[in-house]
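J.: Pasting query-v3.tsv below, which is TSV, C-alpha atoms.
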```tsv
chain	number	residue	atom	x	y	z
Z	1	MET	CA	-17.13	-1.36	19.25
Z	2	GLU	CA	-16.27	-5.05	19.18
Z	3	ARG	CA	-12.68	-6.08	19.75
Z	4	ASP	CA	-12.22	-6.99	16.08
Z	5	ASP	CA	-13.12	-3.41	15.14
Z	6	LEU	CA	-10.37	-1.89	17.29
Z	7	PRO	CA	-7.30	-0.51	15.50
Z	8	VAL	CA	-4.34	-2.84	16.03
Z	9	VAL	CA	-2.40	-0.57	18.38
Z	10	VAL	CA	-5.53	0.05	20.51
Z	11	ALA	CA	-6.36	-3.66	20.70
Z	12	ARG	CA	-2.82	-4.35	21.92
Z	13	THR	CA	-2.63	-1.60	24.53
Z	14	LEU	CA	-6.26	-1.02	25.60
Z	15	PRO	CA	-8.10	-4.26	24.71
Z	16	GLY	CA	-11.15	-3.38	26.80
Z	17	SER	CA	-12.03	-0.27	24.80
Z	18	THR	CA	-15.62	-0.01	23.59
Z	19	CYS	CA	-15.43	3.35	21.78
Z	20	VAL	CA	-12.66	4.88	19.67
Z	21	TYR	CA	-12.37	8.44	18.38
Z	22	HIS	CA	-9.96	9.02	15.49
Z	23	VAL	CA	-8.10	12.32	15.23
Z	24	ARG	CA	-6.33	12.37	11.89
Z	25	VAL	CA	-3.59	14.82	10.95
Z	26	PRO	CA	-2.97	15.55	7.25
Z	27	TYR	CA	0.60	15.28	6.06
Z	28	ASP	CA	2.63	17.01	3.40
Z	29	VAL	CA	4.86	15.03	1.05
Z	30	LYS	CA	8.16	16.93	0.86
Z	31	SER	CA	11.29	16.53	-1.23
Z	32	VAL	CA	14.30	15.65	0.94
Z	33	GLY	CA	17.42	15.17	-1.15
Z	34	ASP	CA	16.66	12.51	-3.74
Z	35	GLU	CA	13.62	11.14	-1.90
Z	36	PHE	CA	10.13	12.18	-0.84
Z	37	ARG	CA	9.06	12.11	2.82
Z	38	ALA	CA	5.64	12.43	4.42
Z	39	GLU	CA	5.68	14.91	7.29
Z	40	PRO	CA	2.79	16.53	9.22
Z	41	ASN	CA	2.47	20.28	9.61
Z	42	ASP	CA	3.75	21.17	13.11
Z	43	HIS	CA	0.80	23.48	13.79
Z	44	HIS	CA	-1.74	20.84	12.75
Z	45	LEU	CA	0.05	18.19	14.81
Z	46	GLY	CA	0.13	20.36	17.94
Z	47	ALA	CA	-3.55	21.25	17.61
Z	48	ALA	CA	-4.51	17.61	17.12
Z	49	LYS	CA	-2.59	16.49	20.21
Z	50	GLU	CA	-4.17	19.21	22.34
Z	51	TYR	CA	-7.65	18.32	21.10
Z	52	ALA	CA	-7.05	14.61	21.70
Z	53	GLU	CA	-5.97	15.24	25.30
Z	54	ASP	CA	-9.04	17.41	25.97
Z	55	LEU	CA	-11.34	14.79	24.43
Z	56	ALA	CA	-9.77	11.98	26.46
Z	57	THR	CA	-10.23	13.97	29.65
Z	58	ALA	CA	-13.87	14.72	28.84
Z	59	VAL	CA	-14.82	11.08	28.21
Z	60	GLY	CA	-12.52	9.44	30.75
Z	61	GLY	CA	-10.37	7.84	28.08
Z	62	GLN	CA	-6.75	7.66	27.01
Z	63	VAL	CA	-4.80	9.00	24.04
Z	64	VAL	CA	-2.96	6.44	21.91
Z	65	ASP	CA	-0.53	7.66	19.24
Z	66	PRO	CA	0.16	4.76	16.84
Z	67	GLN	CA	3.31	6.51	15.61
Z	68	VAL	CA	5.08	6.37	18.98
Z	69	ILE	CA	3.27	3.88	21.21
Z	70	SER	CA	5.01	0.66	22.24
Z	71	SER	CA	2.75	-2.29	22.90
Z	72	PRO	CA	3.47	-5.04	25.43
Z	73	GLU	CA	4.15	-7.37	22.50
Z	74	ASP	CA	6.80	-4.98	21.22
Z	75	GLU	CA	8.46	-4.78	24.62
Z	76	GLU	CA	8.54	-8.55	25.11
Z	77	ALA	CA	9.73	-9.44	21.62
Z	78	ASP	CA	13.32	-10.56	21.08
Z	79	PRO	CA	15.23	-7.32	20.30
Z	80	SER	CA	17.46	-9.20	17.83
Z	81	GLN	CA	14.37	-9.90	15.70
Z	82	ARG	CA	13.32	-6.25	15.47
Z	83	THR	CA	14.69	-3.51	13.26
Z	84	ALA	CA	16.43	-0.60	15.02
Z	85	GLU	CA	14.28	1.86	13.06
Z	86	LYS	CA	10.54	1.53	12.49
Z	87	LEU	CA	10.16	0.45	8.88
Z	88	TYR	CA	7.16	-0.44	6.75
Z	89	VAL	CA	6.48	-2.59	3.70
Z	90	HIS	CA	3.93	-1.20	1.25
Z	91	LEU	CA	2.38	-3.26	-1.54
Z	92	ARG	CA	0.36	-1.75	-4.38
Z	93	TRP	CA	-1.24	-3.29	-7.47
Z	94	PHE	CA	-2.63	-1.37	-10.47
Z	95	ARG	CA	-4.91	-2.75	-13.19
Z	96	ARG	CA	-6.61	-1.22	-16.20
Z	97	PHE	CA	-10.39	-0.96	-16.29
Z	98	GLY	CA	-11.52	-3.69	-18.64
Z	99	GLU	CA	-14.81	-5.49	-18.95
Z	100	LEU	CA	-17.19	-4.75	-16.07
Z	101	ALA	CA	-17.14	-8.38	-14.97
Z	102	ASP	CA	-13.37	-8.20	-14.44
Z	103	ALA	CA	-13.57	-4.91	-12.54
Z	104	THR	CA	-16.26	-6.10	-10.14
Z	105	ALA	CA	-14.43	-9.40	-9.51
Z	106	LEU	CA	-11.34	-7.66	-8.10
Z	107	ALA	CA	-12.18	-8.29	-4.44
Z	108	GLU	CA	-12.97	-11.96	-5.06
Z	109	ARG	CA	-9.68	-12.55	-6.88
Z	110	TYR	CA	-7.67	-10.70	-4.27
Z	111	LEU	CA	-9.18	-12.75	-1.44
Z	112	GLN	CA	-8.42	-15.99	-3.28
Z	113	ALA	CA	-4.78	-14.92	-3.63
Z	114	VAL	CA	-4.22	-13.90	-0.01
Z	115	ARG	CA	-5.83	-17.07	1.31
Z	116	GLU	CA	-3.57	-19.24	-0.82
Z	117	SER	CA	-0.27	-17.36	-0.92
Z	118	PHE	CA	-0.14	-14.93	2.03
Z	119	PRO	CA	-2.51	-15.72	4.94
Z	120	LEU	CA	-1.14	-12.78	6.95
Z	121	ALA	CA	-3.02	-10.48	4.56
Z	122	VAL	CA	-6.42	-12.17	5.03
Z	123	PRO	CA	-8.74	-9.48	6.46
Z	124	VAL	CA	-10.90	-9.94	9.52
Z	125	ARG	CA	-13.27	-7.01	9.08
Z	126	PHE	CA	-14.27	-5.19	5.89
Z	127	GLY	CA	-16.60	-2.43	4.77
Z	128	SER	CA	-16.80	1.20	3.72
Z	129	HIS	CA	-16.85	2.86	7.15
Z	130	GLU	CA	-16.23	2.09	10.83
Z	131	PRO	CA	-17.48	0.01	12.47
Z	132	PHE	CA	-17.11	-2.20	9.42
Z	133	GLN	CA	-20.14	-4.08	8.16
Z	134	GLY	CA	-18.54	-7.43	7.41
Z	135	ARG	CA	-16.57	-9.99	9.40
Z	136	LEU	CA	-14.86	-12.58	7.23
Z	137	PRO	CA	-14.77	-15.45	9.77
Z	138	ARG	CA	-18.51	-15.02	10.32
Z	139	ASP	CA	-19.78	-13.99	6.88
Z	140	GLY	CA	-17.37	-15.80	4.55
Z	141	GLY	CA	-15.79	-14.92	1.24
Z	142	ALA	CA	-19.10	-14.75	-0.61
Z	143	ALA	CA	-20.19	-11.79	1.52
Z	144	PHE	CA	-16.83	-10.08	0.94
Z	145	ASP	CA	-17.25	-10.45	-2.81
Z	146	ALA	CA	-20.94	-9.47	-2.76
Z	147	LEU	CA	-20.35	-6.28	-0.77
Z	148	TYR	CA	-17.73	-5.09	-3.25
Z	149	ARG	CA	-19.84	-5.92	-6.30
Z	150	ALA	CA	-23.02	-4.37	-4.91
Z	151	GLU	CA	-21.82	-1.28	-3.05
Z	152	ARG	CA	-18.29	-0.30	-4.08
Z	153	ARG	CA	-19.26	1.51	-7.26
Z	154	ALA	CA	-17.90	4.82	-5.93
Z	155	ASP	CA	-16.12	4.04	-2.63
Z	156	SER	CA	-13.17	1.86	-1.73
Z	157	LEU	CA	-13.53	-1.38	0.21
Z	158	ALA	CA	-11.47	-1.08	3.41
Z	159	MET	CA	-10.06	-4.07	5.29
Z	160	THR	CA	-8.62	-4.51	8.77
Z	161	SER	CA	-6.72	-7.14	10.72
Z	162	LYS	CA	-4.24	-7.23	13.58
Z	163	ASP	CA	-1.60	-8.40	11.08
Z	164	PHE	CA	-1.51	-5.32	8.82
Z	165	ILE	CA	-1.82	-1.56	9.22
Z	166	SER	CA	-4.37	-0.89	6.51
Z	167	ALA	CA	-5.66	-2.29	3.23
Z	168	SER	CA	-8.16	-1.25	0.58
Z	169	ILE	CA	-9.51	-2.00	-2.89
Z	170	SER	CA	-10.54	0.95	-5.04
Z	171	PRO	CA	-14.01	1.21	-6.66
Z	172	TRP	CA	-14.89	-0.71	-9.80
Z	173	THR	CA	-15.89	2.37	-11.79
Z	174	PRO	CA	-13.36	4.94	-13.14
Z	175	ILE	CA	-14.61	7.77	-10.94
Z	176	GLY	CA	-11.23	8.67	-9.46
Z	177	GLY	CA	-8.91	7.56	-12.24
Z	178	ASP	CA	-8.21	5.31	-15.20
Z	179	TYR	CA	-7.21	2.23	-13.22
Z	180	GLN	CA	-8.07	0.17	-10.14
Z	181	THR	CA	-5.74	-0.10	-7.16
Z	182	ILE	CA	-5.21	-2.57	-4.32
Z	183	SER	CA	-3.08	-1.50	-1.36
Z	184	ILE	CA	-1.85	-3.07	1.86
Z	185	ASP	CA	0.71	-1.85	4.42
Z	186	PHE	CA	2.69	-3.88	6.96
Z	187	GLU	CA	5.14	-3.22	9.76
Z	188	LEU	CA	8.44	-4.82	8.76
Z	189	ASP	CA	8.96	-6.13	12.31
Z	190	HIS	CA	5.66	-7.98	12.20
Z	191	LEU	CA	6.52	-9.65	8.89
Z	192	VAL	CA	9.84	-10.78	10.36
Z	193	GLU	CA	8.30	-12.05	13.62
Z	194	SER	CA	5.58	-13.88	11.67
Z	195	ASP	CA	8.20	-15.54	9.43
Z	196	ALA	CA	6.37	-14.10	6.41
Z	197	LEU	CA	9.00	-11.80	4.91
Z	198	GLY	CA	10.28	-14.43	2.50
Z	199	ALA	CA	6.82	-14.81	0.96
Z	200	VAL	CA	6.25	-11.13	0.13
Z	201	ALA	CA	7.68	-11.24	-3.41
Z	202	GLY	CA	5.64	-14.33	-4.28
Z	203	PHE	CA	2.53	-12.64	-2.87
Z	204	LEU	CA	3.18	-9.59	-5.05
Z	205	VAL	CA	3.39	-11.78	-8.16
Z	206	ASP	CA	0.40	-13.98	-7.30
Z	207	VAL	CA	-2.00	-11.06	-6.89
Z	208	ALA	CA	-0.61	-9.31	-9.97
Z	209	ARG	CA	-1.18	-12.37	-12.15
Z	210	ARG	CA	-4.66	-13.09	-10.81
Z	211	VAL	CA	-6.05	-9.57	-11.16
Z	212	GLY	CA	-4.20	-8.58	-14.35
Z	213	SER	CA	-1.96	-5.84	-12.95
Z	214	PHE	CA	0.00	-3.77	-15.43
Z	215	PHE	CA	2.29	-2.62	-12.60
Z	216	ALA	CA	2.76	-3.50	-8.93
Z	217	PHE	CA	5.38	-2.87	-6.29
Z	218	ALA	CA	6.64	-3.75	-2.83
Z	219	GLU	CA	8.43	-0.79	-1.22
Z	220	LEU	CA	10.33	-0.56	2.07
Z	221	ASN	CA	10.50	2.85	3.75
Z	222	ASP	CA	10.10	4.63	7.09
Z	223	THR	CA	6.60	6.08	6.59
Z	224	ARG	CA	3.35	4.34	7.52
Z	225	PHE	CA	1.50	5.13	4.30
Z	226	ALA	CA	3.47	7.28	1.82
Z	227	THR	CA	5.33	5.67	-1.07
Z	228	ALA	CA	7.48	6.84	-3.98
Z	229	ARG	CA	4.47	7.07	-6.29
Z	230	PRO	CA	3.38	10.72	-6.64
Z	231	ARG	CA	-0.28	11.64	-6.89
Z	232	GLY	CA	-1.90	13.69	-9.59
Z	233	PHE	CA	-1.75	13.27	-13.35
Z	234	ASP	CA	-5.51	14.00	-13.45
Z	235	GLY	CA	-6.37	10.39	-12.67
Z	236	ALA	CA	-4.27	8.97	-15.52
Z	237	TRP	CA	-1.22	6.73	-15.16
Z	238	GLY	CA	1.79	9.04	-14.78
Z	239	GLY	CA	4.63	6.55	-15.07
Z	240	LEU	CA	6.94	4.67	-12.72
Z	241	PRO	CA	7.40	5.87	-9.12
Z	242	VAL	CA	10.19	8.40	-8.57
Z	243	ASP	CA	12.49	6.13	-6.48
Z	244	PRO	CA	13.77	2.58	-7.02
Z	245	GLN	CA	11.53	0.11	-5.19
Z	246	TRP	CA	12.61	-3.24	-3.81
Z	247	ALA	CA	10.32	-5.45	-5.94
Z	248	THR	CA	8.24	-4.52	-8.98
Z	249	TRP	CA	5.90	-6.27	-11.40
Z	250	TYR	CA	5.42	-5.32	-15.06
Z	251	ASP	CA	2.88	-6.90	-17.38
Z	252	ALA	CA	3.83	-8.12	-20.85
Z	253	GLU	CA	3.36	-4.70	-22.47
Z	254	TYR	CA	5.21	-2.76	-19.76
Z	255	SER	CA	8.03	-5.31	-19.52
Z	256	THR	CA	9.02	-4.78	-23.16
Z	257	LEU	CA	9.78	-1.16	-22.26
Z	258	VAL	CA	11.49	-1.87	-18.94
Z	259	ARG	CA	13.48	-5.07	-19.26
Z	260	PRO	CA	16.08	-3.89	-21.81
Z	261	ARG	CA	17.03	-1.13	-19.37
Z	262	LEU	CA	17.25	-3.12	-16.14
Z	263	ARG	CA	20.79	-3.60	-14.86
Z	264	GLY	CA	21.26	-5.76	-11.79
Z	265	GLY	CA	18.89	-7.52	-9.47
Z	266	GLU	CA	16.87	-10.65	-10.14
Z	267	ILE	CA	14.26	-11.14	-12.87
Z	268	GLN	CA	11.58	-13.83	-12.88
Z	269	GLU	CA	9.49	-14.24	-16.02
Z	270	PHE	CA	5.88	-15.39	-16.26
Z	271	PRO	CA	3.39	-15.68	-19.13
Z	272	GLU	CA	1.70	-12.46	-17.95
Z	273	GLY	CA	4.85	-10.39	-17.32
Z	274	LEU	CA	7.93	-10.24	-15.12
Z	275	MET	CA	8.92	-9.57	-11.52
Z	276	HIS	CA	12.15	-7.74	-10.74
Z	277	ARG	CA	13.73	-7.28	-7.33
Z	278	TRP	CA	17.01	-5.67	-6.38
Z	279	SER	CA	17.81	-8.05	-3.53
Z	280	THR	CA	16.49	-11.17	-1.82
Z	281	THR	CA	15.21	-9.25	1.20
Z	282	PRO	CA	13.50	-5.82	1.16
Z	283	ALA	CA	15.78	-2.80	0.74
Z	284	ARG	CA	15.13	0.93	0.95
Z	285	ALA	CA	15.57	3.29	-1.98
Z	286	ASP	CA	18.80	4.83	-0.66
Z	287	ALA	CA	20.41	1.39	-0.21
Z	288	ILE	CA	19.29	0.30	-3.69
Z	289	ARG	CA	20.58	3.49	-5.26
Z	290	ARG	CA	24.04	3.05	-3.75
Z	291	GLY	CA	24.44	-0.25	-5.57
Z	292	LEU	CA	23.33	1.00	-9.00
Z	293	SER	CA	25.67	1.76	-11.88
Z	294	THR	CA	22.99	3.74	-13.73
Z	295	THR	CA	20.01	5.91	-12.74
Z	296	TRP	CA	16.82	4.05	-11.86
Z	297	PRO	CA	14.15	4.61	-12.77
Z	298	PRO	CA	15.20	6.24	-16.08
Z	299	PRO	CA	13.82	9.80	-16.32
Z	300	ASP	CA	11.72	9.08	-19.42
Z	301	LEU	CA	9.83	6.32	-17.57
Z	302	VAL	CA	8.85	8.76	-14.79
Z	303	GLY	CA	6.23	11.48	-15.13
Z	304	SER	CA	6.97	15.17	-14.63
Z	305	VAL	CA	6.47	16.11	-11.00
Z	306	HIS	CA	5.94	19.60	-9.59
Z	307	THR	CA	7.11	20.14	-6.02
Z	308	ALA	CA	4.69	22.51	-4.31
Z	309	PRO	CA	4.07	23.48	-0.66
Z	310	GLY	CA	1.48	20.71	-0.46
Z	311	GLY	CA	3.89	18.11	-1.79
Z	312	PRO	CA	4.85	16.77	-5.22
Z	313	ARG	CA	2.09	16.45	-7.78
Z	314	GLY	CA	2.17	14.76	-11.14
Z	315	ILE	CA	1.72	17.27	-13.94
Z	316	ALA	CA	2.71	15.42	-17.14
Z	317	GLN	CA	2.74	11.75	-18.11
Z	318	ALA	CA	6.08	9.99	-18.63
Z	319	LYS	CA	7.42	10.04	-22.17
Z	320	VAL	CA	7.63	6.25	-22.18
Z	321	VAL	CA	4.52	4.33	-21.05
Z	322	PRO	CA	2.58	1.40	-22.51
Z	323	GLU	CA	0.37	2.54	-25.37
Z	324	SER	CA	-2.69	1.17	-23.57
Z	325	LEU	CA	-2.00	3.66	-20.74
Z	326	ARG	CA	-1.07	6.68	-22.84
Z	327	VAL	CA	-3.23	9.77	-22.41
Z	328	PRO	CA	-4.64	10.85	-25.79
Z	329	SER	CA	-3.11	14.11	-27.00
Z	330	SER	CA	-5.57	16.97	-26.93
```
Hey, can you dump this file as C-alpha cells for me?
T.:
Amino acid sequence: MERDDLPVVVARTLPGSTCVYHVRVPYDVKSVGDEFRAEPNDHHLGAAKEYAEDLATAVGGQVVDPQVISSPEDEEADPSQRTAEKLYVHLRWFRRFGELADATALAERYLQAVRESFPLAVPVRFGSHEPFQGRLPRDGGAAFDALYRAERRADSLAMTSKDFISASISPWTPIGGDYQTISIDFELDHLVESDALGAVAGFLVDVARRVGSFFAFAELNDTRFATARPRGFDGAWGGLPVDPQWATWYDAEYSTLVRPRLRGGEIQEFPEGLMHRWSTTPARADAIRRGLSTTWPPPDLVGSVHTAPGGPRGIAQAKVVPESLRVPSS
C-alpha cells in the first residue's frame, strides 16, 4: 500500500506500513435512556482481538486499535485544545432521486462544495474498494466525477483523507432506498485544532443547497459512526432522527412542517430552505435536551422504531413528512 492509502491512525503511528489487514467488529445499536448507543458484542470483540494478535504475530506486524490508540500528534497537542472525552462530528445529507442527470452529478457537486467552503473535507483517495483507484491530487476532479458517473450505479463511492475518519456518496440508482446520501465523519479535536469548527454549519448549508437536500444534519456524539437516525423503513424516508441534533437543514417543503414548531436556537433562511442550530458551537443531544422547553423532535415527525436485540429498526413512517417523501398507502 502507498502511504496515502493507509488509514489515518496507521499513517500516524506506523507510517512505514506497506500492508494493512482490517478486522471489523459489528456493533449493535442499543437504547440507553433517551438515546441510542453503538456498542460491540463482547464475544465478537474478544474474538476479533485474539485473531488480530495471532495475525500480527504470523506476519511480523502490529495491532492498531483506532478506538483506543494515541498517536504522537495527540500526545504532543496542547491539552487545553482537546476535549476530555473523545467526541465526533457526523454530517449527513439526503436528497430525493430526481432526473438521472442530477443523480449522477452528485459527486461533482459535492467536490465543488468542499473545495470552496470546507477544504478539510477534500478527499485524497477515492474508489469502491481498498486500495482505492483514484488519487485526487494526481487525477483531478474530472476523474472523481467520471468514476462516480460510470461505476457507482450500485456501490457507494468511498473517500479517504488524514483529515476525516470516513466519507462516502451513495449510488445514483435507487437500489438501496428512495434517496441518495452523502456522509462524512470527523474527530471533534481535529476540527478544533484545524480551526475549522466554526465553518461546519456553513459547510452543511452549502452542500445541502448545491445538491438539493431535503434534509441534512450535523450531529455531535461519542461514537465514531452511529448517529440518531435509525435504519430500516424498507428504504423509504422514515422521518426525523430520534434525538435533537446540533444543526439541521430542511428544504422548502420540509421547512413548512418544521419551522412553526421550532422553539429556540438560531434559524437562517435561504431560497432553498432553512438551517437551524441550537447553539453556535456543536452540542450533544443530552445538552440540547436540557435546554428545551418542549420535546424535540415532536413524536409525529419521527417514525415508529422497534427496539430489538440487533438495535432499533424503523418500522413505520412518521405521521408528518413532506408529501414528496410519503410512502403510498397499500
J.: Write out as JSON lines a residue-level contact list of region 92-188 of chain Z versus region 201-205 of chain Z with cut-off 8 Å: for each qualifying residue the closest pair of atoms and the distance in Å to one decimal, counting all atoms listed in the file, rows sorted by chain and residue number upward.
T.:
```
{"residue": "Z:Ala113", "atom": "CA", "partner": "Z:Phe203", "partner_atom": "CA", "distance": 7.7}
{"residue": "Z:Val114", "atom": "CA", "partner": "Z:Phe203", "partner_atom": "CA", "distance": 7.4}
{"residue": "Z:Ser117", "atom": "CA", "partner": "Z:Phe203", "partner_atom": "CA", "distance": 5.8}
{"residue": "Z:Phe118", "atom": "CA", "partner": "Z:Phe203", "partner_atom": "CA", "distance": 6.0}
```
J.: Using all atoms listed in the file, pick whichever of Z:Glu85, Z:Glu323, Z:Asp185, Z:Asp54 has the shortest atom-to-atom distance to Thr227 (chain Z).
T.: Z:Asp185
J.: Rank Z:Val23, Z:Ala146, Z:Ala252, Z:Val59 by their smallest atom-to-atom distance to Ala47 (chain Z), using all atoms listed in the file, and report the top residue only.
T.: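 Comparing Z:Val23, Z:Ala146, Z:Ala252, Z:Val59 against Ala47 (chain Z), the winner is Z:Val23.
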J.: Just the number, please: distance in Å from CA of Val242 (chain Z) to CA of Arg313 (chain Z), one decimal.
T.: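 Taking CA of Val242 (chain Z) and CA of Arg313 (chain Z), their separation equals 11.4 Å.
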J.: Could you tell me how far CA of Ala158 (chain Z) sits from CA of Met275 (chain Z), in Å to one decimal place?
T.: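 About the pair CA of Met275 (chain Z) and CA of Ala158 (chain Z): they are 26.7 Å apart.
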J.: Contacts of Asp222 (chain Z) at 10 Å or less, counting all atoms listed in the file, minus same-chain residues fewer than 2 places along, as a PDB file with C-alpha atoms, in the coordinates of the input?
T.:
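around12.pdb, written as the output of this step:
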```pdb
ATOM      1  CA  ARG Z  37       9.060  12.110   2.820  1.00  0.00           C
ATOM      2  CA  ALA Z  38       5.640  12.430   4.420  1.00  0.00           C
ATOM      3  CA  GLU Z  85      14.280   1.860  13.060  1.00  0.00           C
ATOM      4  CA  LYS Z  86      10.540   1.530  12.490  1.00  0.00           C
ATOM      5  CA  LEU Z  87      10.160   0.450   8.880  1.00  0.00           C
ATOM      6  CA  TYR Z  88       7.160  -0.440   6.750  1.00  0.00           C
ATOM      7  CA  VAL Z  89       6.480  -2.590   3.700  1.00  0.00           C
ATOM      8  CA  GLU Z 187       5.140  -3.220   9.760  1.00  0.00           C
ATOM      9  CA  LEU Z 188       8.440  -4.820   8.760  1.00  0.00           C
ATOM     10  CA  LEU Z 220      10.330  -0.560   2.070  1.00  0.00           C
ATOM     11  CA  ARG Z 224       3.350   4.340   7.520  1.00  0.00           C
ATOM     12  CA  PHE Z 225       1.500   5.130   4.300  1.00  0.00           C
ATOM     13  CA  ALA Z 226       3.470   7.280   1.820  1.00  0.00           C
ATOM     14  CA  THR Z 227       5.330   5.670  -1.070  1.00  0.00           C
ATOM     15  CA  ARG Z 284      15.130   0.930   0.950  1.00  0.00           C
TER      16      ARG Z 284
END
```
J.: Just checking: using only C-alpha atoms, which residue out of Z:Leu292, Z:Arg231, Z:Tyr51, Z:Asp300 ends up closest to His22 (chain Z)?
T.: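 Closest to His22 (chain Z), using only C-alpha atoms: Z:Tyr51.
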J.: Would you compute the box with edges along x, y and z of the file around region 313-317 of chain Z, including every atom the file lists for it and 4 Å extra on each side, and give its centre and edge lengths in Å to one decimal, as JSON?
T.:
```
{"center_x": 2.2, "center_y": 14.5, "center_z": -12.9, "size_x": 9.0, "size_y": 13.5, "size_z": 18.3}
```
J.: Could you list as a PyMOL selection string every residue that has an atom within 12 Å of (21.5, 1.0, 0.3), using the file's coordinates and counting all atoms listed in the file?
T.: chain Z and resi 220-221+244-246+278-279+282-292
J.: Nearest residue to Phe126 (chain Z) out of Z:Thr295, Z:Thr281, Z:Ser170, Z:Thr160, using only C-alpha atoms?
T.: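 Residue with the minimum atom-to-atom distance to Phe126 (chain Z): Z:Thr160.
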J.: One decimal, Å: what's the distance from CA of Arg210 (chain Z) over to CA of Thr248 (chain Z), could you say?
T.: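 It comes out at 15.6 Å.
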J.: Choose the residue, out of Z:Leu91, Z:Val10, Z:Leu120, Z:Leu45, that has the smallest atom-to-atom separation from Val25 (chain Z); count all atoms listed in the file.
T.: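 Of Z:Leu91, Z:Val10, Z:Leu120, Z:Leu45, the one nearest Val25 (chain Z), counting all atoms listed in the file, is Z:Leu45.
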J.: Excluding same-chain residues fewer than 4 positions from Val63 (chain Z), what lies within 7 Å of it counting all atoms listed in the file, as a PyMOL selection string?
T.: chain Z and resi 52-53+56
J.: Around the point (-0.7, -7.7, -16.7) in the file's coordinates, collect all residues with an atom within 12 Å, using all atoms listed in the file, and return them as a PyMOL selection string.
T.: chain Z and resi 93-98+205-216+249-255+270-275+322+324
J.: Find, counting only C-alpha atoms, the residue in Z:Ala142, Z:Gly134, Z:Thr13, Z:Thr173 that gets nearest to Ala101 (chain Z).
T.: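 Checking each candidate against Ala101 (chain Z), we get Z:Thr173 as the closest.
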J.: Give me the residues near Ser161 (chain Z) as a PyMOL selection string, where near means some atom within 7 Å (using only C-alpha atoms) and where sequence neighbours in that chain fewer than 4 positions away do not count.
T.: chain Z and resi 123-125
